[in-house]
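**Student:** Have a look at this one.
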2 protein chains.
Amino acid sequence: MPLDRKTLIPALKNIATRLRIDSVKSTSEAGSGHPTSCCSAAELMAAVFFAEMRFDPKDPHNPESDRFILSKGHAAPILYSAWAEAGAFDRRELLKLRRFDSDLEGHPTPRLPFVDVATGSLGQGICAAIGSALNARRIKSPYRTYVLLGDGESAEGSVWEAADVGAMDKLDNLCGLTDVNALGQSRATMWQHDMEQFARRWRAFGWHAIVVDGHDLNQILDALLEARDTTGQPTMILARTIKGKGVSFTEGKDGWHGKPFKKGEELDRALAELEQQFVPVPGGKEVNLANEIPKPQSAPRPVAAPKPIAPPSYKLGDEIATREAYGSAIAKLGEADSRVVALDADVKNSTFSDKFERALPDRFYENFIAEQVMVGAAMGLAARGAIPFPSTFACFLTRAADFIRMAAISNVNVKLAGSHAGVSIGEDGPSQMALEDLAMCRAQPNYAVLYPCDAVSTEKLVAAAAYHAGPAYIRTSRPKTPVIYGNDETFVVGGLKVVRESRNDAVTVVGAGVTLFEALKAYDQLKATGTAIRVIDLYSLQPIDRDGLVAAARATGGHIITVEDHYAAGGIGDAVAEAVADAGVTVHRLAVRAIPRSGKPDELLDHFGISAAHIVEAAQKVLSVSKA
Amino acid sequence: MPLDRKTLIPALKNIATRLRIDSVKSTSEAGSGHPTSCCSAAELMAAVFFAEMRFDPKDPHNPESDRFILSKGHAAPILYSAWAEAGAFDRRELLKLRRFDSDLEGHPTPRLPFVDVATGSLGQGICAAIGSALNARRIKSPYRTYVLLGDGESAEGSVWEAADVGAMDKLDNLCGLTDVNALGQSRATMWQHDMEQFARRWRAFGWHAIVVDGHDLNQILDALLEARDTTGQPTMILARTIKGKGVSFTEGKDGWHGKPFKKGEELDRALAELEQQFVPVPGGKEVNLANEIPKPQSAPRPVAAPKPIAPPSYKLGDEIATREAYGSAIAKLGEADSRVVALDADVKNSTFSDKFERALPDRFYENFIAEQVMVGAAMGLAARGAIPFPSTFACFLTRAADFIRMAAISNVNVKLAGSHAGVSIGEDGPSQMALEDLAMCRAQPNYAVLYPCDAVSTEKLVAAAAYHAGPAYIRTSRPKTPVIYGNDETFVVGGLKVVRESRNDAVTVVGAGVTLFEALKAYDQLKATGTAIRVIDLYSLQPIDRDGLVAAARATGGHIITVEDHYAAGGIGDAVAEAVADAGVTVHRLAVRAIPRSGKPDELLDHFGISAAHIVEAAQKVLSVSKA
């Protein structure tokens with residue numbers, strides 16, 4: 001039976017005070033952090049954790065638990081304090097905040113079992129919350145998702161991408177709270193305490209918006225109930241708060257952002273003030289609200305084991321674009337594994353994710369032209385057990401580069417798919433050509449970076465990516481390419497294929513995707529002149545098969561030519577060069593070295609130096625040097 | 001004297017028909033492109049170009065001209081047609097659309113003199129338009145800026161970042177038009193023809209919003225007049241249009257996005273229908289509106305020549321963070337050159353751009369926490385002659401990665417400044433650590449990538465970046481570092497400094513920023529054991545001083561050790577390895593190879609393998625191998 005407000009409110013008020021004290025103490029101990037950004041949110045945190053959510057503090061990963069995402073990640077100390085208060089761990093741990101030997105980092109990361117996704121880059125948590133709410137639908141669970149934003153954060157465009165998608169998908173299992181404390185890092189926020197500025201935006205975007213005094217627990221509890229009763233749309237609770245609330249000399253004062261209290265007089269004074277704020281409780285004995293937290297409504301349901309996937313059924317020589325094979329592959333994978341979901345950004349007919357949508361409409365999420373929320377929602381879905389494949393043109397994945405970075409820090413199972421890579425797209429011109437996507441994903445040390453060249457390798461690598469632990473990127477191409485692999489070939493993350501070899505190979509040419517076919521053309525041309533070359537399909541850039549590359553190089557005079565439909569920095573050339581760095585191998589790179597332009601694909605491959613003719617020329621140069 | 005509507009409207013209607021015909025013909029000739037996305041916008045384009053804007057078609061770069069930015073860049077053919085109609089070039093050129101030998105690319109780029117910034121990645125043109133409008137204020141010009149968006153594009157978060165900034169800055173010299181044709185690439189848009197969805201959003205964000213029938217020229221002209229009369233806020237004209245308007249079998253039909261008409265019967269039918277749409281004009285002779293385009297209101301004003309900049313006045317050994325020296329440097333530069341402006345995203349007290357704001361408040365633009373519009377506005381400012389320095393934490397520049405990509409394609413003078421790079425920031429944790437920013441910027445072939453280590457080199461490189469033609473990136477650090485260079489040292493884009501050398505150096509160590517000081521510590525430690533090393537400050541990663549690196553490597557046994565506060569891919573190690581690739585040099589890389597965590601800076605530098613101790617170890621390993 002729920003507690004009556006007379007009992008509940010003073011208990012929550014005292015929790016809020018303890019959360020403030022923890023936040024102040026832990027940041028002073030750390031010597032850095034954001035205590036005043038925590039203090040504004042203390043009543044909101046107390047109410048959500050101890051009078052609203054259903055969860056088991058000892059089993060935070062429970063798939064049926066309500067979720068809480070701290071989008072304003074710099075308020076991490078109060079998040080940690082709330083979990084300690086709930087009994088997840090010993091409160092004394094809080095004093096290890098920001099230490100190298102503690103997982104209580106400066107901003108939350110999933111090293112902590114109760115953190116779904118890393119936050120601290122603003123405007124991302126609410127996108128992940130969209131994914132968490134979509135996931136509840138996927139697993140048919142009544143769990144709800146709560147997300148706490150800052151007011152300064154609301155200037156991020158990604159927040160409004162999430163707002164659109166949340167309303168469009170009618171996510172009434174999602175409740176946002178915005179801590180409107182009116183002060184940003186460097187100055188007053190854009191709208192300060194003009195609550196109507198916030199309310200009219202959220203209402204315009206289709207959310208149910210409720211304005212409350214964020215330090216009035218009764219108003220907060222009423223709003224949470226109202227959110228729960230709201231159907232057909234998500235709710236945003238807009239809470240007017242005071243930054244630094246509870247410590248008189250910081251309340252509403254600029255210049256305190258990201259500053260801990262100095263140990264000694266300053267800290268002592270703050271704590272003394274806070275200690276005074278404990279309130280008497282009815283009957284004199286405070287009820288331990290941690291013991292009253294309702295458990296999840298349902299028991300965890302068994303996840304259906306993935307069915308075996310039939311091998312591909314392509315014919316050698318068939319001309320199929322890898323992007324089209326990608327669409328077929330995710331549809332097939334999705335049929336076999338209910339965890340697989342697909343997301344797109346209004347290009348499903350180009351990425352061919354529409355094949356997934358036709359097969360499995362309930363697990364396809366259209367985000368319209370909003371790549372940030374697409375990748376952010378994928379992070380939230382992945383954190384809750386799904387295996388999401390968000391797809392768009394590879395160049396537009398750069399729009400979500402900061403989310404791709406945070407997905408690396410979160411180490412979630414997001415499987416990015418970028419189509420239309422490189423100058424080989426042709427006439428659409430440079431704005432549509434991804435030439436830095438490999439660099440972007442390879443920069444993150446825990447991304448698998450895969451680049452299939454034909455339909456068979458695409459289908460196999462999609463499955464390999466799905467079951468690879470952690471984030472992955474699959475790069476596909478626009479032009480049709482012939483099937484060169486048999487349906488029984490195996491492809492593993494970290495592998496490569498030697499597709500042409502002999503005992504007398506003069507040099508190794510490493511290509512991937514469309515340039516593999518340029519390498520094969522070069523092979524034929526050189527063969528006609530009596531020169532044999534080794535050709536490698538480097539379908540896995542990261543991890544990379546260092547031994548395979550070194551072996552090939554050693555067998556071919558210590559020379560490797562790389563050729564890639566990508567800028568020179570950060571792609572295949574750099575990956576190969578680093579892999580063989582200590583083996584005394586010379587790497588010659590063919591890559592796009594200038595801003596490209598519109599033209600026919602073959603014209604561009606040749607003009608920008610990555611066609612068969614350029615490979616032949618490079619090989620002949622190596623030969624002449626080797627002989628000299 | 002302006003023409004009366006009786007004369008104007010039929011002439012505009014006929015221009016709209018010609019624009020449609022051009023768009024249809026040129027895309028059919030090219031065999032690709034987006035004719036139906038042009039047809040919906042024909043009346044909007046006709047009205048803005050031939051009854052609203054002041055410009056000189058023969059002098060598109062005129063700094064006093066009204067500006068037009070095509071945010072929906074895929075409608076490029078109609079933009080080209082409008083400029084041809086205005087007399088900027090021969091209409092017959094339009095049939096070269098998308099050809100390699102023409103600058104009429106698939107999406108607009110500044111290869112064309114009348115294009116300010118490249119578009120084609122949606123949601124960016126409106127951000128550049130913010131910068132264009134801000135620039136009018138900077139040069140005190142009455143010119144106005146017009147920007148045409150698509151409805152699908154309005155799902156991009158960057159559009160709403162621009163909306164906030166435009167309203168906050170009261171940009172009443174800015175007029176947006178949204179072509180609401182209700183159909184995206186792959187399906188109907190989120191809000192289709194529900195015009196109220198658009199109007200309520202723009203009004204909520206503080207814009208004056210006007211809903212019109214986008215094919216009714218009278219309504220469009222009235223709205224443009226209303227926009228001109230609106231003060232204190234920007235205007236958005238929301239035009240209800242029909243995709244494929246003018247060609248009966250495509251009007252409002254899904255499935256026609258990005259498809260040209262097939263030459264032959266299909267194209268002939270479309271053209272026959274369009275030809276029927278010419279209307280009679282009063283008096284029988286159509287007035288040539290190209291001759292009626294009003295010239296800019298003011299003559300171009302002379303730009304004040306930059307004053308000489310005094311040399312820095314730091315003292316050797318002073319401890320100053322490069323981010324703080326950056327703030328001082330841009331303020332000093334701004335005093336000397338009125339083209340220099342600064343932008344920030346609510347971290348001006350951390351990036352120290354607040355020093356610029358205090359000195360030159362009129363040329364400082366606060367974007368709050370909205371990095372996309374910050375970089376987009378910088379692109380617009382740069383396109384109009386300013387030299388903008390947008391700054392934030394380097395990790396949050398990844399939020400604008402797609403803008404950074406488009407700034408490369410635009411080749412504009414944007415000078416990005418990213419602070420707080422690497423694990424050396426310490427306790428805040430991985431979400432605040434840029435470890436892929438060098439990879440991101442170096443991937444773009446025309447970015448200068450600069451990384452100063454002390455206050456003197458920062459000040460010199462800020463000036464070097466400002467006067468380097470094209471985009472640049474300056475990376476600064478959080479910790480204080482000692483001044484090691486005299487105030488008269490010179491630093492050039494593409495240079496390096498040998499900071500320790502002797503005749504007997506055993507190996508070359510290449511560092512930059514904070515790792516240069518680790519290299520200097522390693523130098524001291526190794527010297528104490530009788531080993532000399534050469535130490536290079538690689539302050540310019542791109543362009544890179546290949547000869548300097550090769551010379552150092554050759555003088556030190558052919559070995560280079562690189563050490564960087566950055567992930568292993570795409571940064572200093574890769575840059576050096578590529579530069580020396582053909583010189584038989586072995587490059588050993590020290591870089592961050594795992595997702596970092598919170599901790600003390602020194603603890604992290606050591607744990608992640610980039611401290612002096614690791615350099616010493618690597619040098620000793622090289623020595624033992626060299627001797628063996």
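Residues are named by chain letter and number: chains run A, B, ... in the order of the structure tokens, numbers start at 1 in each chain, and ligands are numbered from 1 in the order shown.
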Which residues are near Leu605 (chain A)? Cut-off 8 Å, only C-alpha atoms, ignore same chain within fewer than 5 positions. Put them as a ChimeraX atom specification.

**Tutor:** /A:423-424,565,610-611

**Student:** Can you list, as a PyMOL selection string, every protein, DNA or RNA residue that comes within 7 Å of region 170-186 of chain A when you count only C-alpha atoms, leaving out same-chain residues fewer than 4 positions away?

**Tutor:** (chain A and resi 40-41+133+144-152+166+192-193+227+230-243+254+257) or (chain B and resi 346-349)

**Student:** Pick the closest to Pro452 (chain B) from B:Ser248, B:Thr398, B:Ser419, B:Ser65: which is it, counting only C-alpha atoms?

**Tutor:**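 Closest residue, counting only C-alpha atoms: B:Ser419.
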
**Student:** Just checking: using only C-alpha atoms, which residue out of B:Gly422, B:Gly584, B:Gly494, B:Gly609 ends up closest to chain A?

**Tutor:**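 With only C-alpha atoms as the atom set, the closest residue is B:Gly584.
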
**Student:** For each of A:Thr490, A:Ser540, A:Ser32, A:Ser457, take the minimum atom-to-atom distance to chain B, counting only C-alpha atoms, then give the residue where this is smallest.

**Tutor:**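 Closest to chain B of all the choices is A:Ser32.
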
**Student:** I need the residue nearest Ala619 (chain B) from this list: B:Asp505, B:Asp194, B:Glu265, B:Glu564. Use only C-alpha atoms for the distance.

**Tutor:**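 Checking each candidate against Ala619 (chain B), we get B:Asp505 as the closest.
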
**Student:** So that I can check the surroundings of region 375-387 of chain B, please list as a ChimeraX atom specification every protein, DNA and RNA residue that reaches within 7 Å of it, counting only C-alpha atoms and ignoring chain neighbours fewer than 4 positions away.

**Tutor:** /B:63,116-117,124,127-132,135,339-341,371,400,403,407,412-414,466

**Student:** Would you mind exporting the chosen residues as a tab-separated table (two decimals), in the first residue's frame, restricted to C-alpha atoms?

**Tutor:**
chain	number	residue	atom	x	y	z
B	63	PRO	CA	29.54	42.12	-49.72
B	116	ASP	CA	28.34	30.89	-50.14
B	117	VAL	CA	28.51	27.49	-48.46
B	124	GLN	CA	23.09	23.18	-42.32
B	127	CYS	CA	22.84	27.61	-39.60
B	128	ALA	CA	25.06	29.29	-42.19
B	129	ALA	CA	22.25	31.79	-42.76
B	130	ILE	CA	22.47	32.75	-39.08
B	131	GLY	CA	26.13	33.55	-39.65
B	132	SER	CA	25.34	35.50	-42.81
B	135	ASN	CA	27.78	39.29	-40.56
B	339	ARG	CA	37.25	40.58	-39.48
B	340	VAL	CA	38.06	38.37	-36.51
B	341	VAL	CA	35.01	37.18	-34.55
B	371	GLU	CA	27.70	23.30	-31.27
B	400	ALA	CA	29.51	19.41	-35.31
B	403	PHE	CA	29.50	20.75	-40.30
B	407	ALA	CA	33.19	23.42	-44.07
B	412	VAL	CA	35.72	28.46	-45.82
B	413	ASN	CA	37.97	30.29	-43.36
B	414	VAL	CA	36.58	28.69	-40.22
B	466	ALA	CA	43.70	33.25	-39.03

**Student:** If you run DSSP on this backbone, which residues of region 364-565 of chain B come out as helix (DSSP H, G or I), and could you give them as a ChimeraX atom specification?

**Tutor:** /B:371-383,394-410,423-425,430-432,437-443,455-466,514-528,546-555

**Student:** Give me the region 299-326 of chain A side of the contact with region 468-475 of chain A, cut-off 12 Å, one line per residue showing its nearest atom pair and distance in Å at one decimal, counting only C-alpha atoms, sorted by chain and residue number, as JSON lines.

**Tutor:**
{"residue": "A:Ala321", "atom": "CA", "partner": "A:Arg475", "partner_atom": "CA", "distance": 11.8}
{"residue": "A:Thr322", "atom": "CA", "partner": "A:Arg475", "partner_atom": "CA", "distance": 8.7}
{"residue": "A:Arg323", "atom": "CA", "partner": "A:Arg475", "partner_atom": "CA", "distance": 8.4}
{"residue": "A:Ala325", "atom": "CA", "partner": "A:Arg475", "partner_atom": "CA", "distance": 11.8}
{"residue": "A:Tyr326", "atom": "CA", "partner": "A:Ile474", "partner_atom": "CA", "distance": 9.0}

**Student:** I need the residues in region 175-357 of chain A that are strand (DSSP E or B) according to DSSP; give them as a PyMOL selection string.

**Tutor:** chain A and resi 175-180+183+188+208-213+235-240+319-321+340-344

**Student:** Applying 8 Å and only C-alpha atoms, which residues near region 513-516 of chain A remain after dropping the ones on its own chain fewer than 3 positions away? List them as a VMD selection string.

**Tutor:** chain A and resid 424 451 to 454 476 to 477 479 481 510 519 to 520 535 to 537 539 563 to 565 610 to 611
